[in-house]
file my_file-v4.cif (mmCIF, C-alpha atoms)
data_coords
loop_
_atom_site.label_atom_id
_atom_site.label_comp_id
_atom_site.auth_asym_id
_atom_site.auth_seq_id
_atom_site.Cartn_x
_atom_site.Cartn_y
_atom_site.Cartn_z
CA MET K 1152 -44.31 -18.10 -31.33
CA ASP K 1153 -42.88 -16.44 -28.18
CA ALA K 1154 -40.62 -19.45 -27.62
CA HIS K 1155 -39.32 -19.11 -31.18
CA VAL K 1156 -38.62 -15.40 -30.70
CA GLY K 1157 -36.82 -16.18 -27.44
CA ARG K 1158 -34.56 -18.73 -29.14
CA PHE K 1159 -33.95 -16.25 -31.97
CA VAL K 1160 -32.90 -13.53 -29.50
CA ASP K 1161 -30.67 -15.98 -27.60
CA SER K 1162 -29.06 -17.06 -30.85
CA VAL K 1163 -28.38 -13.48 -31.95
CA GLY K 1164 -27.10 -12.59 -28.49
CA SER K 1165 -24.52 -15.37 -28.52
CA ILE K 1166 -22.32 -13.47 -30.94
CA PHE K 1167 -22.34 -10.42 -28.64
CA ARG K 1168 -21.26 -12.46 -25.63
CA GLY K 1169 -17.89 -13.00 -27.26
CA GLY K 1170 -18.35 -16.58 -28.38
CA ASP K 1171 -16.10 -17.59 -31.24
CA THR K 1172 -18.78 -19.56 -33.02
CA LEU K 1173 -21.59 -18.26 -35.14
CA PRO K 1174 -25.10 -19.04 -33.97
CA TRP K 1175 -27.21 -21.60 -35.79
CA CYS K 1176 -30.86 -21.21 -36.67
CA ASP K 1177 -33.45 -23.97 -37.00
CA ARG K 1178 -36.38 -24.44 -39.36
CA ASP K 1179 -38.96 -23.35 -36.75
CA ILE K 1180 -37.37 -19.92 -36.47
CA ILE K 1181 -37.18 -19.60 -40.25
CA ALA K 1182 -40.87 -20.54 -40.53
CA GLY K 1183 -41.73 -17.92 -37.90
CA CYS K 1184 -39.78 -15.28 -39.82
CA GLU K 1185 -41.56 -16.26 -43.04
CA ARG K 1186 -44.94 -15.85 -41.30
CA GLU K 1187 -43.82 -12.49 -39.98
CA VAL K 1188 -42.96 -11.33 -43.54
CA ALA K 1189 -46.35 -12.54 -44.81
CA GLU K 1190 -48.20 -10.76 -41.98
CA SER K 1191 -46.35 -7.43 -42.30
CA ALA K 1192 -48.74 -4.50 -42.19
CA ASN K 1193 -46.59 -2.02 -44.10
CA GLU K 1194 -43.41 -1.72 -46.17
CA GLU K 1195 -41.22 -0.77 -43.19
CA GLN K 1196 -42.34 -3.82 -41.17
CA LYS K 1197 -41.88 -6.02 -44.23
CA ASN K 1198 -38.29 -4.78 -44.74
CA GLU K 1199 -37.45 -5.41 -41.08
CA SER K 1200 -39.02 -8.87 -41.27
CA LEU K 1201 -37.08 -9.65 -44.44
CA MET K 1202 -33.84 -8.73 -42.66
CA ARG K 1203 -34.70 -11.10 -39.80
CA LEU K 1204 -35.56 -13.82 -42.33
CA SER K 1205 -32.27 -13.23 -44.15
CA TRP K 1206 -30.43 -13.48 -40.82
CA ALA K 1207 -32.18 -16.75 -40.02
CA LEU K 1208 -31.52 -18.22 -43.46
CA VAL K 1209 -27.76 -17.56 -43.54
CA HIS K 1210 -27.48 -19.02 -40.03
CA SER K 1211 -29.29 -22.22 -41.00
CA ARG K 1212 -27.66 -25.64 -41.06
CA GLN K 1213 -29.39 -26.35 -44.39
CA PRO K 1214 -27.35 -25.33 -47.46
CA GLU K 1215 -30.49 -24.52 -49.46
CA ASP K 1216 -31.59 -22.06 -46.74
CA VAL K 1217 -28.16 -20.43 -46.69
CA ASN K 1218 -28.17 -20.06 -50.48
CA ARG K 1219 -31.68 -18.60 -50.36
CA GLY K 1220 -30.54 -16.07 -47.75
CA ILE K 1221 -27.53 -15.12 -49.88
CA GLY K 1222 -29.82 -14.57 -52.87
CA MET K 1223 -32.23 -12.41 -50.87
CA LEU K 1224 -29.41 -10.28 -49.49
CA GLN K 1225 -27.70 -9.83 -52.85
CA ALA K 1226 -30.99 -8.77 -54.42
CA SER K 1227 -31.62 -6.20 -51.68
CA LEU K 1228 -28.09 -4.83 -51.25
CA ASP K 1229 -28.54 -2.02 -53.77
CA LYS K 1230 -31.76 -0.98 -52.02
CA SER K 1231 -30.03 -0.25 -48.71
CA SER K 1232 -31.08 3.11 -47.34
CA SER K 1233 -28.09 3.78 -45.08
CA PRO K 1234 -24.47 2.77 -44.50
CA LEU K 1235 -25.62 0.88 -41.39
CA GLN K 1236 -28.08 -1.18 -43.42
CA THR K 1237 -25.43 -1.81 -46.09
CA ARG K 1238 -23.00 -2.93 -43.38
CA GLU K 1239 -25.58 -5.34 -41.94
CA LYS K 1240 -26.33 -6.88 -45.33
CA LEU K 1241 -22.64 -7.21 -46.21
CA TYR K 1242 -22.03 -8.94 -42.88
CA LEU K 1243 -24.92 -11.37 -43.39
CA LEU K 1244 -23.65 -12.10 -46.91
CA ALA K 1245 -20.22 -12.80 -45.39
CA VAL K 1246 -21.84 -15.21 -42.92
CA GLY K 1247 -23.65 -16.96 -45.76
CA HIS K 1248 -20.49 -17.34 -47.81
CA TYR K 1249 -18.62 -18.57 -44.71
CA ARG K 1250 -21.33 -21.20 -44.21
CA THR K 1251 -21.01 -22.34 -47.85
CA GLY K 1252 -17.22 -22.57 -47.58
CA ASP K 1253 -16.51 -19.60 -49.88
CA TYR K 1254 -13.97 -18.05 -47.51
CA THR K 1255 -12.47 -15.77 -50.16
CA ARG K 1256 -15.83 -14.09 -50.85
CA SER K 1257 -16.59 -13.94 -47.13
CA ARG K 1258 -13.27 -12.19 -46.49
CA GLN K 1259 -13.96 -9.65 -49.28
CA LEU K 1260 -17.38 -8.81 -47.86
CA LEU K 1261 -15.95 -8.44 -44.36
CA GLU K 1262 -13.35 -6.01 -45.66
CA ARG K 1263 -16.18 -3.90 -47.10
CA CYS K 1264 -17.99 -4.07 -43.72
CA LEU K 1265 -14.89 -2.93 -41.92
CA GLU K 1266 -14.46 -0.01 -44.32
CA ILE K 1267 -17.85 1.21 -43.10
CA GLN K 1268 -17.11 0.53 -39.42
CA PRO K 1269 -13.52 -0.55 -38.72
CA ASP K 1270 -14.11 -1.53 -35.08
CA TRP K 1271 -17.27 -3.60 -35.57
CA ARG K 1272 -16.84 -6.54 -33.25
CA GLN K 1273 -19.10 -8.98 -35.11
CA ALA K 1274 -17.23 -8.47 -38.38
CA LEU K 1275 -13.86 -8.74 -36.64
CA THR K 1276 -14.95 -11.98 -34.96
CA LEU K 1277 -16.13 -13.48 -38.24
CA GLN K 1278 -12.95 -12.29 -39.95
CA ARG K 1279 -10.92 -14.19 -37.32
CA LEU K 1280 -13.07 -17.30 -37.90
CA VAL K 1281 -12.53 -17.04 -41.67
CA GLU K 1282 -8.76 -16.66 -41.23
CA ASP K 1283 -8.61 -19.58 -38.78
CA LYS K 1284 -10.66 -21.78 -41.12
CA THR K 1285 -8.50 -20.80 -44.10
CA LYS K 1286 -5.30 -21.61 -42.18
CA ARG K 1287 -6.71 -24.91 -40.91
CA ASP K 1288 -7.89 -25.93 -44.38
CA GLY K 1289 -4.51 -24.91 -45.80
CA MET K 1290 -2.70 -27.10 -43.27
CA ILE K 1291 -4.97 -30.04 -44.05
CA GLY K 1292 -4.33 -29.51 -47.76
CA MET K 1293 -0.58 -29.41 -47.18
CA ALA K 1294 -0.75 -32.61 -45.12
CA ILE K 1295 -2.66 -34.34 -47.91
CA ILE K 1296 -0.16 -33.16 -50.52
CA THR K 1297 2.79 -34.16 -48.33
CA GLY K 1298 1.21 -37.57 -47.76
CA ALA K 1299 0.60 -37.99 -51.47
CA PHE K 1300 4.22 -37.13 -52.25
CA GLY K 1301 5.32 -39.58 -49.55
CA VAL K 1302 3.27 -42.38 -51.13
CA VAL K 1303 4.60 -41.51 -54.60
CA GLY K 1304 8.13 -41.40 -53.18
CA LEU K 1305 7.72 -44.83 -51.63
CA ALA K 1306 6.33 -46.23 -54.86
CA VAL K 1307 9.17 -44.74 -56.93
CA GLY K 1308 11.69 -45.96 -54.38
CA GLY K 1309 10.19 -49.46 -54.57
CA ILE K 1310 10.35 -49.43 -58.37
CA ILE K 1311 13.97 -48.25 -58.32
CA ALA K 1312 14.89 -50.89 -55.74
CA ALA K 1313 13.17 -53.61 -57.77
CA ALA K 1314 14.85 -52.45 -60.97
CA SER K 1315 18.31 -52.32 -59.38
CA SER K 1316 17.86 -55.78 -57.81
CA SER K 1317 16.83 -57.26 -61.15
CA ARG K 1318 19.94 -55.73 -62.80
CA LYS K 1319 22.18 -57.39 -60.24
CA LYS K 1320 20.84 -60.83 -61.17
#
call {"tool": "encode", "arguments": {"input": "my_file-v4.cif", "output": "structure tokens"}}
result
Amino acid sequence: MDAHVGRFVDSVGSIFRGGDTLPWCDRDIIAGCEREVAESANEEQKNESLMRLSWALVHSRQPEDVNRGIGMLQASLDKSSSPLQTREKLYLLAVGHYRTGDYTRSRQLLERCLEIQPDWRQALTLQRLVEDKTKRDGMIGMAIITGAFGVVGLAVGGIIAAASSSRKK
């Protein structure tokens, strides 16, 4: 279990070291967090363990884990006891939506985070990742559309050329 906790701490710490990528979480860490929730002695420990489990789930490579984390966080958002806790849950929801490719929802959640704490480095880093991903996906989409128009243009040009050559005969 100590090895799992060490990997979890390293993974969380990577975002604070200024890396531009979000940490990933594996199934062993998720299983450890689930055990921790089950073994919680009181409500406070259980809530803390649930936050760690939510963190692990939205940082998973498995879409079903990410969706489960999003569901847990959405269900608990109204039960937040402080602006700091609300900010944390909004951020984790933004991570989950980023992981699922819902960049619009991720951006909206990050804006709410930054209303609570405008200089929060983690949220600003994720916001930059969302913007970069949106721009990159937009450029890919434009390239596909441009390519499609090019193919259609060639086909139309070929049809016109064939039609004009058959008229000349």
call {"tool": "closest_residue", "arguments": {"input": "my_file-v4.cif", "among": "K:Val1217, K:Ile1267, K:Met1202, K:Ala1226", "to": "Arg1238 in chain K", "atoms": "only C-alpha atoms"}}
result
K:Ile1267
call {"tool": "residues_around", "arguments": {"input": "my_file-v4.cif", "residues": "range 1272-1277 of chain K", "least_positions_apart": "3", "cutoff": "10 Å", "atoms": "only C-alpha atoms", "output": "list of chain:residue names"}}
result
K:Ile1166, K:Phe1167, K:Gly1169, K:Gly1170, K:Asp1171, K:Thr1172, K:Leu1173, K:Arg1238, K:Glu1239, K:Leu1241, K:Tyr1242, K:Leu1243, K:Ala1245, K:Val1246, K:Tyr1249, K:Ser1257, K:Arg1258, K:Leu1260, K:Leu1261, K:Glu1262, K:Arg1263, K:Cys1264, K:Leu1265, K:Gln1268, K:Pro1269, K:Leu1280, K:Val1281, K:Glu1282, K:Asp1283
call {"tool": "write_last_selection", "arguments": {"input": "my_file-v4.cif", "atoms": "C-alpha atoms", "output": "mmCIF file, keeping the file's coordinate frame"}}
result
data_model
loop_
_atom_site.group_PDB
_atom_site.id
_atom_site.type_symbol
_atom_site.label_atom_id
_atom_site.label_comp_id
_atom_site.auth_asym_id
_atom_site.auth_seq_id
_atom_site.Cartn_x
_atom_site.Cartn_y
_atom_site.Cartn_z
ATOM 1 C CA ILE K 1166 -22.320 -13.470 -30.940
ATOM 2 C CA PHE K 1167 -22.340 -10.420 -28.640
ATOM 3 C CA GLY K 1169 -17.890 -13.000 -27.260
ATOM 4 C CA GLY K 1170 -18.350 -16.580 -28.380
ATOM 5 C CA ASP K 1171 -16.100 -17.590 -31.240
ATOM 6 C CA THR K 1172 -18.780 -19.560 -33.020
ATOM 7 C CA LEU K 1173 -21.590 -18.260 -35.140
ATOM 8 C CA ARG K 1238 -23.000 -2.930 -43.380
ATOM 9 C CA GLU K 1239 -25.580 -5.340 -41.940
ATOM 10 C CA LEU K 1241 -22.640 -7.210 -46.210
ATOM 11 C CA TYR K 1242 -22.030 -8.940 -42.880
ATOM 12 C CA LEU K 1243 -24.920 -11.370 -43.390
ATOM 13 C CA ALA K 1245 -20.220 -12.800 -45.390
ATOM 14 C CA VAL K 1246 -21.840 -15.210 -42.920
ATOM 15 C CA TYR K 1249 -18.620 -18.570 -44.710
ATOM 16 C CA SER K 1257 -16.590 -13.940 -47.130
ATOM 17 C CA ARG K 1258 -13.270 -12.190 -46.490
ATOM 18 C CA LEU K 1260 -17.380 -8.810 -47.860
ATOM 19 C CA LEU K 1261 -15.950 -8.440 -44.360
ATOM 20 C CA GLU K 1262 -13.350 -6.010 -45.660
ATOM 21 C CA ARG K 1263 -16.180 -3.900 -47.100
ATOM 22 C CA CYS K 1264 -17.990 -4.070 -43.720
ATOM 23 C CA LEU K 1265 -14.890 -2.930 -41.920
ATOM 24 C CA GLN K 1268 -17.110 0.530 -39.420
ATOM 25 C CA PRO K 1269 -13.520 -0.550 -38.720
ATOM 26 C CA LEU K 1280 -13.070 -17.300 -37.900
ATOM 27 C CA VAL K 1281 -12.530 -17.040 -41.670
ATOM 28 C CA GLU K 1282 -8.760 -16.660 -41.230
ATOM 29 C CA ASP K 1283 -8.610 -19.580 -38.780
#
call {"tool": "residues_around", "arguments": {"input": "my_file-v4.cif", "residues": "Trp1175 in chain K", "least_positions_apart": "2", "cutoff": "9 Å", "atoms": "all atoms listed in the file", "output": "list in words"}}
result
Ser1162, Leu1173, Asp1177, Ala1207, Val1209, His1210, Ser1211 and Arg1212 of chain K
call {"tool": "write_last_selection", "arguments": {"input": "my_file-v4.cif", "atoms": "C-alpha atoms", "output": "CSV table (one decimal), in the coordinates of the input"}}
result
chain,number,residue,atom,x,y,z
K,1162,SER,CA,-29.1,-17.1,-30.8
K,1173,LEU,CA,-21.6,-18.3,-35.1
K,1177,ASP,CA,-33.4,-24.0,-37.0
K,1207,ALA,CA,-32.2,-16.8,-40.0
K,1209,VAL,CA,-27.8,-17.6,-43.5
K,1210,HIS,CA,-27.5,-19.0,-40.0
K,1211,SER,CA,-29.3,-22.2,-41.0
K,1212,ARG,CA,-27.7,-25.6,-41.1
call {"tool": "resolve_selection", "arguments": {"input": "my_file-v4.cif", "expression": "the PyMOL selection byres ((chain K and resi 1251) around 8)", "output": "list in words"}}
result
Pro1214, Val1217, Asn1218, Gly1247, His1248, Tyr1249, Arg1250, Gly1252 and Asp1253 of chain K
call {"tool": "atom_distance", "arguments": {"input": "my_file-v4.cif", "atom1": "CA of Val1188 in chain K", "atom2": "CA of Ser1200 in chain K"}}
result
5.2 Å
call {"tool": "atom_distance", "arguments": {"input": "my_file-v4.cif", "atom1": "CA of Ile1181 in chain K", "atom2": "CA of Thr1237 in chain K"}}
result
22.1 Å
call {"tool": "atom_distance", "arguments": {"input": "my_file-v4.cif", "atom1": "CA of Arg1256 in chain K", "atom2": "CA of Leu1201 in chain K"}}
result
22.6 Å
call {"tool": "axis_aligned_box", "arguments": {"input": "my_file-v4.cif", "around": "range 1259-1267 of chain K", "padding_each_side": "3 Å", "output": "JSON"}}
result
{"center_x": -15.7, "center_y": -4.2, "center_z": -45.6, "size_x": 10.6, "size_y": 16.9, "size_z": 13.4}
